[in-house]
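Participant: Compact mmCIF, C-alpha atoms and all ligand atoms, saved as structure_16.txt, coming up:
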```
# COMPACT_ATOMS: atom_id res chain seq x y z
CA MET N 1 25.45 -5.81 7.26
CA ARG N 2 21.85 -4.70 7.02
CA SER N 3 21.82 -3.17 10.49
CA ILE N 4 24.47 -0.55 9.72
CA VAL N 5 22.84 2.79 9.04
CA ARG N 6 24.95 5.37 7.31
CA ASN N 7 23.43 8.56 5.94
CA VAL N 8 19.76 9.21 6.64
CA TYR N 9 18.34 11.33 3.84
CA CYS N 10 14.81 12.71 4.06
CA VAL N 11 12.71 14.28 1.32
CA GLY N 12 10.40 17.12 2.37
CA ARG N 13 7.13 18.07 0.68
CA ASN N 14 7.01 15.15 -1.73
CA TYR N 15 3.22 14.80 -1.69
CA ARG N 16 1.20 17.71 -3.04
CA LEU N 17 -1.60 17.54 -0.45
CA HIS N 18 0.89 17.49 2.41
CA ALA N 19 2.82 20.51 1.09
CA GLU N 20 -0.49 22.35 0.86
CA GLU N 21 -1.70 21.36 4.33
CA LEU N 22 1.36 23.06 5.85
CA GLY N 23 0.94 26.09 3.57
CA ASN N 24 4.17 25.37 1.65
CA ASP N 25 4.80 25.81 -2.06
CA VAL N 26 5.00 22.62 -4.11
CA PRO N 27 8.74 22.25 -4.80
CA THR N 28 10.27 22.22 -8.29
CA GLU N 29 13.19 20.00 -7.25
CA PRO N 30 13.51 17.51 -4.37
CA MET N 31 13.94 19.18 -0.98
CA VAL N 32 16.44 17.06 0.93
CA PHE N 33 17.50 17.25 4.56
CA LEU N 34 19.39 14.85 6.85
CA LYS N 35 18.83 13.24 10.21
CA PRO N 36 21.69 11.89 12.34
CA SER N 37 21.90 8.09 12.15
CA HIS N 38 21.42 8.14 15.94
CA ALA N 39 17.81 9.21 15.36
CA VAL N 40 17.01 5.74 13.97
CA VAL N 41 15.48 3.29 16.45
CA PRO N 42 13.56 0.05 15.91
CA MET N 43 9.79 0.34 16.01
CA ASP N 44 9.37 -2.93 17.84
CA GLY N 45 6.42 -2.42 20.18
CA THR N 46 8.41 -0.78 22.95
CA GLU N 47 7.82 2.73 24.25
CA LEU N 48 9.43 5.54 22.31
CA SER N 49 10.66 8.41 24.47
CA LEU N 50 10.10 11.82 22.86
CA PRO N 51 11.00 15.28 24.20
CA GLY N 52 8.38 17.23 26.17
CA GLY N 53 8.05 20.96 26.69
CA ARG N 54 9.06 21.91 23.16
CA GLY N 55 5.67 22.33 21.53
CA GLU N 56 3.80 19.95 19.24
CA ILE N 57 5.45 16.74 18.05
CA HIS N 58 4.02 15.63 14.70
CA TYR N 59 4.13 12.17 13.16
CA GLU N 60 5.02 11.87 9.45
CA ALA N 61 4.63 8.32 8.16
CA GLU N 62 7.00 7.55 5.28
CA LEU N 63 8.21 4.78 3.03
CA VAL N 64 11.91 4.22 3.67
CA LEU N 65 14.36 2.78 1.16
CA ARG N 66 17.60 1.08 2.13
CA ILE N 67 20.41 1.34 -0.40
CA ALA N 68 22.13 -1.98 -1.05
CA ARG N 69 25.11 -1.06 -3.24
CA PRO N 70 27.13 1.88 -4.56
CA TYR N 71 25.14 4.12 -6.89
CA VAL N 72 26.33 4.21 -10.47
CA THR N 73 24.89 6.37 -13.24
CA GLY N 74 21.92 4.72 -14.90
CA ILE N 75 21.19 2.21 -12.12
CA SER N 76 17.50 1.64 -11.47
CA VAL N 77 15.82 1.83 -8.06
CA ASP N 78 15.01 -1.86 -8.37
CA GLU N 79 18.72 -2.68 -8.71
CA LEU N 80 19.80 -0.23 -6.02
CA VAL N 81 17.37 -1.06 -3.22
CA ASP N 82 17.18 -4.48 -1.55
CA VAL N 83 14.90 -3.85 1.41
CA MET N 84 12.46 -1.20 2.58
CA ALA N 85 10.75 -0.28 5.81
CA LEU N 86 8.13 2.14 6.99
CA GLY N 87 9.26 4.88 9.32
CA ILE N 88 8.12 7.99 11.11
CA ASP N 89 9.86 11.30 10.58
CA PHE N 90 8.96 12.83 13.96
CA THR N 91 9.03 16.60 13.83
CA LEU N 92 8.96 19.24 16.54
CA ARG N 93 6.53 21.35 14.52
CA ASP N 94 6.59 24.53 16.64
CA VAL N 95 10.39 24.42 16.79
CA GLN N 96 10.47 23.92 13.00
CA SER N 97 8.18 26.93 12.41
CA ASP N 98 10.49 29.05 14.53
CA LEU N 99 13.60 27.80 12.69
CA LYS N 100 11.96 28.50 9.32
CA LYS N 101 11.23 32.08 10.37
CA LYS N 102 14.84 32.59 11.44
CA GLY N 103 16.22 30.83 8.36
CA HIS N 104 18.06 28.35 10.59
CA PRO N 105 18.76 24.67 9.82
CA TRP N 106 16.14 22.10 10.80
CA THR N 107 18.34 19.82 12.90
CA ALA N 108 16.74 20.79 16.21
CA ALA N 109 13.25 20.07 14.83
CA LYS N 110 14.01 16.91 12.87
CA GLY N 111 17.20 15.35 14.23
CA PHE N 112 16.48 14.73 17.92
CA ARG N 113 17.08 11.29 19.48
CA PHE N 114 14.49 8.65 18.50
CA SER N 115 13.01 10.94 15.83
CA ALA N 116 13.27 8.21 13.16
CA PRO N 117 11.69 4.93 14.34
CA LEU N 118 11.81 2.23 11.69
CA THR N 119 9.80 -0.99 11.30
CA PRO N 120 11.67 -4.21 10.53
CA TYR N 121 12.86 -4.35 6.92
CA VAL N 122 10.90 -6.24 4.29
CA ALA N 123 11.99 -7.13 0.76
CA PHE N 124 11.55 -4.23 -1.65
CA PRO N 125 9.02 -5.51 -4.20
CA GLY N 126 10.11 -3.13 -6.99
CA THR N 127 8.80 0.25 -8.07
CA GLU N 128 5.86 -1.13 -10.08
CA GLU N 129 4.59 -3.38 -7.32
CA ILE N 130 5.06 -0.79 -4.56
CA GLY N 131 2.94 1.59 -6.67
CA ARG N 132 0.06 -0.84 -6.30
CA THR N 133 0.49 -0.91 -2.51
CA SER N 134 -0.52 1.69 0.06
CA PHE N 135 0.99 2.30 3.46
CA GLU N 136 -0.93 3.59 6.46
CA LEU N 137 -0.34 5.04 9.89
CA VAL N 138 -2.87 3.94 12.49
CA LYS N 139 -3.07 6.05 15.65
CA ASN N 140 -5.07 4.64 18.57
CA GLY N 141 -7.01 2.40 16.17
CA GLU N 142 -7.80 5.09 13.58
CA THR N 143 -6.08 5.42 10.19
CA VAL N 144 -4.66 8.96 10.09
CA GLN N 145 -2.40 8.79 7.02
CA ARG N 146 -2.44 6.78 3.83
CA GLY N 147 0.25 7.06 1.17
CA ASN N 148 1.11 5.61 -2.19
CA THR N 149 4.25 6.25 -4.23
CA GLN N 150 2.04 7.08 -7.23
CA ASP N 151 1.03 10.31 -5.45
CA MET N 152 4.62 11.48 -5.04
CA ILE N 153 5.74 14.69 -6.72
CA PHE N 154 9.19 13.18 -7.36
CA SER N 155 9.34 9.46 -8.14
CA LEU N 156 11.62 7.06 -6.29
CA GLN N 157 13.93 7.06 -9.32
CA GLU N 158 14.09 10.88 -9.43
CA ILE N 159 14.83 10.94 -5.70
CA VAL N 160 17.73 8.46 -5.79
CA ASP N 161 19.21 10.10 -8.91
CA TYR N 162 18.98 13.55 -7.31
CA ILE N 163 20.48 12.50 -3.98
CA ALA N 164 23.29 10.50 -5.60
CA ASP N 165 24.13 13.36 -7.93
CA HIS N 166 24.20 16.04 -5.22
CA TYR N 167 25.28 14.21 -2.06
CA GLY N 168 26.34 10.63 -2.89
CA LEU N 169 24.56 7.34 -2.25
CA ASP N 170 26.01 4.03 -1.11
CA GLU N 171 25.29 0.85 0.81
CA GLY N 172 23.66 1.43 4.18
CA ASP N 173 22.15 4.80 3.34
CA LEU N 174 18.45 5.27 4.11
CA ILE N 175 15.99 7.53 2.33
CA PHE N 176 12.78 8.73 3.98
CA THR N 177 10.77 9.50 0.86
CA GLY N 178 8.29 12.05 2.19
CA THR N 179 4.96 12.02 3.98
CA PRO N 180 1.43 12.09 2.59
CA ALA N 181 -1.28 14.41 3.95
CA GLY N 182 -2.74 13.91 7.40
CA VAL N 183 0.18 14.76 9.68
CA GLY N 184 -0.76 15.66 13.24
CA PRO N 185 0.38 15.74 16.85
CA VAL N 186 1.10 12.82 19.19
CA ALA N 187 0.34 12.76 22.90
CA ASP N 188 1.77 10.75 25.77
CA GLY N 189 0.32 7.23 25.69
CA ASP N 190 -0.64 7.20 21.98
CA GLN N 191 -0.28 3.88 20.15
CA LEU N 192 1.09 4.08 16.61
CA THR N 193 1.16 1.26 14.04
CA LEU N 194 2.57 1.38 10.51
CA CYS N 195 0.92 -0.94 7.97
CA LEU N 196 1.87 -1.97 4.47
CA ASP N 197 -1.03 -3.16 2.36
CA GLY N 198 -3.09 -3.55 5.54
CA GLN N 199 -0.45 -5.68 7.30
CA PRO N 200 1.13 -4.21 10.47
CA LEU N 201 4.91 -3.93 10.10
CA GLY N 202 5.73 -2.23 13.39
CA SER N 203 4.23 -0.31 16.28
CA CYS N 204 5.20 1.75 19.29
CA ALA N 205 3.74 3.55 22.27
CA ILE N 206 4.58 7.22 22.76
CA GLY N 207 6.12 8.40 25.99
CA ILE N 208 6.61 12.16 26.29
CA SER N 209 8.92 13.32 29.04
CA GLY N 210 8.99 16.67 30.84
ZN ZN E 301 9.08 13.98 6.47
```
How does this structure look as structure tokens?
Ligand code: ZN
Facilitator:
Amino acid sequence: MRSIVRNVYCVGRNYRLHAEELGNDVPTEPMVFLKPSHAVVPMDGTELSLPGGRGEIHYEAELVLRIARPYVTGISVDELVDVMALGIDFTLRDVQSDLKKKGHPWTAAKGFRFSAPLTPYVAFPGTEEIGRTSFELVKNGETVQRGNTQDMIFSLQEIVDYIADHYGLDEGDLIFTGTPAGVGPVADGDQLTLCLDGQPLGSCAIGISG
């Protein structure tokens, strides 16, 4: 049943340096938004078709947790999560800036089709072990982002507790846990690869239409 994706939660501004690079305040509680499950596509080497003519499209590399069972009070992340992946929270940055100014929801900037490519799942090694492991986004052969859960403002445990408490959490839900510093635009023809501990987990080529 691993392939069924239910709710796709995303945490914004969960790394201090990233919040600062976009000129945002560092949050005092997790900032959670949602993507439609239809945004999720496999990052399997094929071309990813992204919308053109709507301003800059930014990559945000993130560690993604898959929830394996119903949340109950007091459950640990290690009990709750069976597998993880790396993913990209693609963002129409100019559209997002406009929405922020108007005070409108972010769906148009964050929820478009194919905006959440996901590598194949790997076993979740546990919160301690994942803290000793970095993930990277490589764009056209150059490492542009590097993240580690130890640099998060809110820990994985705080994130799952917060989301479960406010919105509910159950089997098949995904959590994009936030992006480290180094976000930037993609262009037609770019090659992106997500690596865990130096090992490539998934890649894609970018195709921008229009
Ligand atoms: Zn993000």
Participant: What's around Asn14 of chain N at 8 Å? Count only C-alpha atoms, leave out sequence neighbours fewer than 2 positions away in its own chain, and write the answer as a ChimeraX atom specification.
Facilitator: /N:11-12,16,18-19,27,30,152-154,177-180
Participant: Counting only C-alpha atoms and all ligand atoms, which protein, DNA or RNA residues come within 12 Å of ligand ZN 301 (chain E), given as a VMD selection string?
Facilitator: chain N and resid 8 to 15 18 to 19 22 31 to 35 58 to 64 86 to 93 96 106 109 to 111 115 to 116 175 to 183
Participant: Go through N:Leu80, N:Thr28, N:Leu50, N:Ile159 and flag the residue nearest Phe124 of chain N, using only C-alpha atoms for the distances.
Facilitator: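 Closest to Phe124 of chain N, using only C-alpha atoms: N:Leu80.
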Participant: Rounded to one decimal, what separation in Å do you get between atom CA of Gly45 of chain N and atom CA of Asp190 of chain N?
Facilitator: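 Value for the atom CA of Gly45 of chain N-atom CA of Asp190 of chain N distance: 12.1 Å.
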Participant: Between atom CA of Ile57 of chain N and atom CA of Ile206 of chain N, measure the distance and give it in Å to one decimal.
Facilitator: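 These two atoms are separated by 10.7 Å.
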